[in-house]
Amino acid sequence: MPTPSADRRPEAPPRDFIRDIVSQDLVSGKHGGKVHTRFPPEPNGYLHIGHAKSICLNFGIALEYASPCNLRFDDTNPTKEDIEYVTAIQTDVKWLGFDWGSHVYFASDYFEQLYGFAVELIRKGKAYVDSLTADEIREHRGTLTEPGRESPYRHRSVDENIDLFARMRAGEFADGSVVLRAKIDMASGNINMRDPVLYRIRRATHYRTADQWCIYPLYDYAHPVSDAIEGITHSLCTLEFEDHRPFYDWVLDNTSVACHPQQIEFAKLNLSYTMMGKRKLIEMVQGQHVSGWDDPRMPTICGLRRRGYTPESVRNFCERIGVAKRENVVDIANLEHAIREDLNVRAPRVMAVLNPLKVVIENYPDGQVEEVDVINNPEDSSAGTRKVPFGRVLYIERDDFMEDPPKKFFRLSPGKEVRLRCAYFIKCTDVVKDPATGEVTELRASYDPATRGGDSPDGRKVKATLHWVSAERALDAEVRLYDRLFTIEDPAAEDNYLDHLNPHSLEVLRGAKAEPSLAGAHAGARYQFERLGYFCVDSDSSAGRLVFNRTVSLRDTWAKIQKNSGI
């Protein structure tokens with residue numbers, strides 16, 4: 001059975017119609033009182049957040065019922081599949097916290113059995129070799145309002161079909177010249193039942209079976225047979241397979257497979273401002289609209305991981321949105337809330353300045369450096385404190401100063417006093433500008449030694465607390481500010497979806513400064529930059545080069561961004 005490899009699992013997952021069906025089947029004794037699920041990705045791309053929902057559902061049910069969940073790679077298309085994707089999928093499933101144990105399988109392991117069951121269909125008069133071209137087959141299939149027409153090759157004898165199918169396997173025919181089709185009903189109201197193709201010729205090297213085969217089964221045929229071979233009881237699919245279920249059942253009813261799994265469909269995950277279609281994700285990668293499958297703006301699991309998402313946050317998100325029977329769109333703000341909620345508890349707080357403005361405290365002793373105690377995480381009393389150096393020259397955020405502020409601007413301005421986080425009160429006494437541009441380049445300030453720790457003994461109050469870093473000890477850092485990749489809620493609905501890429505989805509800040517405690521931060525480490533958001537150390541970091549990705553801001557500001565930018 002699968003086991004959770006992450007440190008937290010929900011104690012009582014919410015009920016849904018699929019879990020109700022499974023429970024009822026156990027009570028009735030259906031499937032011999034067994035539960036056996038599977039997650040069957042095609043290894044032709046990287047998994048995305050939609051797959052995470054299916055992973056959590058299939059492996060989650062297996063955990064709840066102490067039953068197995070297979071990881072099966074439905075690898076029946078050698079032109080698009082690669083071992084790279086197999087490895088990436090296994091990495092993603094394990095990262096999410098699930099372990100299939102010994103239950104990893106490949107449809108390619110069943111090629112001989114799949115071939116044998118196809119021969120069985122031919123012998124029963126349920127399949128035939130068709131010599132129509134692909135275009136002719138489409139023309140004969142009919143439309144949603146008109147029935148299809150039978151192929152002139154539909155009534156070949158069993159012996160002839162057996163011979164032709166064997167010759168297909170032997171490589172005697174050119175690619176596309178013949179196919180094996182099921183013989184069902186060309187007048188069916190369900191186009192999927194109008195003699196669907198079972199096998200096609202495709203001379204391509206398979207990443208596992210090399211050139212052993214030149215004919216390959218279609219997914220709709222290989223999938224139900226593979227389920228049956230593995231003893232799957234509940235074959236959980238997304239709604240686009242609902243119209244394929246009659247063929248799924250037809251294949252199992254007309255072959256001598258050992259069991260008949262039950263296909264159940266559920267609504268796939270549609271996430272706002274996100275592209276989920278694998279074909280279009282491939283287009284974005286190949287067109288270099290993103291830096292790769294693991295670009296932190298991508299909805300791929302590896303992209304979310306690189307951005308700083310935790311497996312717990314993804315699992316909690318999938319559990320909260322539930323399993324529905326009808327398609328719906330989930331607001332991406334729900335995913336962002338899940339990671340904020342998780343990191344708020346676990347992420348240590350640190351100070352970093354993204355757009356530095358130098359502050360010289362003129363009455364602070366020149367050359368003196370002291371260390372102040374700063375709380376690591378106010379949400380975790382066991383996290384303790386750390387020492388942060390404080391000196392005469394500091395950096396604050398440029399946005400935390402205005403020379404001529406509006407009435408309700410409470411941060412630093414000439415003559416105004418603010419608190420530096422866990423340090424002292426300071427007051428701006430002078431402003432230094434570039435004589436050529438008029439840009440503020442430096443602030444002069446004074447501090448009150450009696451306010452060490454951030455409190456005033458005389459009881460005076462300030463309305464703003466600023467984060468800061470010591471200029472002498474500051475670390476140079478590159479910070480990548482990621483935002484939503486698209487400017488419209490449903491980019492998949494647009495033919496020209498690339499026209500709606502968010503031009504502000506990535507901003508790179510190369511002059512950021514960070515406190516020295518981050519010197520040894522490893523790739524994947526997550527932090528809250530005080531007042532700025534949650535950040536993750538990127539895999540591009542190396543010795544002497546710190547690179548951070550913004551995982552998510554401290555609060556949902558997207559509606560405000562839309563209003564102010566006209567998006």
# chains A, B, ... in the order shown; residues from 1 in each chain; ligands from 1
$ closest_atom_pairs --of "range 241-296 of chain A" --to "range 118-130 of chain A" --cutoff "10 Å" --atoms "only C-alpha atoms" --output "Markdown table"
| residue | atom | partner | partner_atom | distance |
| --- | --- | --- | --- | --- |
| A:Val251 | CA | A:Leu121 | CA | 8.8 |
| A:Asn254 | CA | A:Leu121 | CA | 7.0 |
| A:Thr255 | CA | A:Leu121 | CA | 6.7 |
| A:Ser256 | CA | A:Glu120 | CA | 8.3 |
$ write_last_selection --atoms "C-alpha atoms" --output "short mmCIF file (atom, residue, chain, number, x, y, z; two decimals), in the first residue's frame"
data_model
loop_
_atom_site.label_atom_id
_atom_site.label_comp_id
_atom_site.auth_asym_id
_atom_site.auth_seq_id
_atom_site.Cartn_x
_atom_site.Cartn_y
_atom_site.Cartn_z
CA VAL A 251 -13.47 -3.76 -24.34
CA ASN A 254 -15.67 -8.62 -25.01
CA THR A 255 -12.27 -9.90 -23.88
CA SER A 256 -11.39 -12.62 -21.41
#
$ residues_around --residues "range 74-78 of chain A" --least-positions-apart "4" --cutoff "12 Å" --atoms "only C-alpha atoms" --output "PyMOL selection string"
chain A and resi 38-45+70+82-83+85-86+104-111+114+198-227
$ atom_distance --atom1 "CA of Phe548 in chain A" --atom2 "CA of Cys536 in chain A"
5.4 Å
$ residues_around --residues "Val330 in chain A" --least-positions-apart "4" --cutoff "8 Å" --atoms "only C-alpha atoms" --output "list in words"
Leu269, Asn270, Leu271, Ser272, Ile321 and Asn334 of chain A
$ closest_residue --among "A:His337, A:Arg326, A:Arg386, A:Arg305" --to "Trp95 in chain A" --atoms "only C-alpha atoms"
A:Arg305
$ residues_around --residues "Val323 in chain A" --least-positions-apart "3" --cutoff "9 Å" --atoms "only C-alpha atoms" --output "list in words"
Arg15, Asp16, Phe17, Ile18, Lys53, Leu57, Phe266, Ala267, Lys268, Cys318 and Glu319 of chain A
$ residues_around --residues "range 477-479 of chain A" --least-positions-apart "5" --cutoff "8 Å" --atoms "only C-alpha atoms" --output "list of chain:residue names"
A:Leu354, A:Val508, A:Leu509, A:Arg510, A:Gly511, A:Ala512, A:Lys513, A:Ala514, A:Arg545, A:Leu546, A:Val547, A:Phe548, A:Asn549, A:Arg550
$ select_by_dssp --residues "range 348-467 of chain A" --states "strand (DSSP E or B)" --output "number ranges by chain"
A: 349-350, 352-353, 356-361, 369-375, 385-391, 393-397, 401, 412, 414, 417-420, 425-433, 440-448, 465-466
$ closest_residue --among "A:Asp92, A:Glu312, A:Glu150, A:Asp175" --to "Thr133 in chain A" --atoms "only C-alpha atoms"
A:Asp175
$ closest_residue --among "A:Ala258, A:Leu443, A:Ala525, A:Ala436" --to "Met402 in chain A" --atoms "only C-alpha atoms"
A:Leu443
$ residues_around --residues "Asp483 in chain A" --least-positions-apart "6" --cutoff "7 Å" --atoms "only C-alpha atoms" --output "list in words"
Arg297, Ser505 and Leu506 of chain A
$ write_last_selection --atoms "N, CA and C atoms" --output "compact mmCIF listing (two decimals), in the first residue's frame"
# COMPACT_ATOMS: atom_id res chain seq x y z
N ARG A 297 6.69 30.24 -12.75
CA ARG A 297 5.38 30.75 -13.16
C ARG A 297 4.48 29.65 -13.71
N SER A 505 4.89 39.34 -15.19
CA SER A 505 4.91 38.08 -14.43
C SER A 505 6.27 37.79 -13.82
N LEU A 506 7.33 38.47 -14.29
CA LEU A 506 8.66 38.30 -13.70
C LEU A 506 9.39 39.63 -13.70
$ residues_around --residues "Ala493 in chain A" --least-positions-apart "2" --cutoff "12 Å" --atoms "only C-alpha atoms" --output "list in words"
Asn270, Ser272, Tyr273, Thr274, Met275, Met276, Gly277, Lys280, Ile488, Glu489, Asp490, Pro491, Asp495, Asn496, Tyr497, Leu498 and His500 of chain A
$ write_last_selection --atoms "C-alpha atoms" --output "CSV table (one decimal), in the first residue's frame"
chain,number,residue,atom,x,y,z
A,270,ASN,CA,-9.5,24.3,-13.7
A,272,SER,CA,-8.1,30.8,-13.0
A,273,TYR,CA,-5.4,32.8,-14.7
A,274,THR,CA,-3.7,29.5,-15.5
A,275,MET,CA,-3.0,27.3,-18.6
A,276,MET,CA,-3.5,23.6,-17.8
A,277,GLY,CA,-3.5,22.0,-21.3
A,280,LYS,CA,-0.1,24.5,-24.7
A,488,ILE,CA,-7.1,37.0,-18.1
A,489,GLU,CA,-9.1,34.5,-16.0
A,490,ASP,CA,-9.4,31.8,-18.7
A,491,PRO,CA,-6.5,31.9,-21.1
A,495,ASP,CA,-7.1,31.1,-29.6
A,496,ASN,CA,-4.4,33.7,-29.2
A,497,TYR,CA,-3.7,32.9,-25.6
A,498,LEU,CA,-0.1,34.0,-25.9
A,500,HIS,CA,-2.5,37.5,-22.8
$ closest_residue --among "A:His48, A:Glu442, A:Phe529, A:Pro414" --to "Leu343 in chain A" --atoms "only C-alpha atoms"
A:Phe529
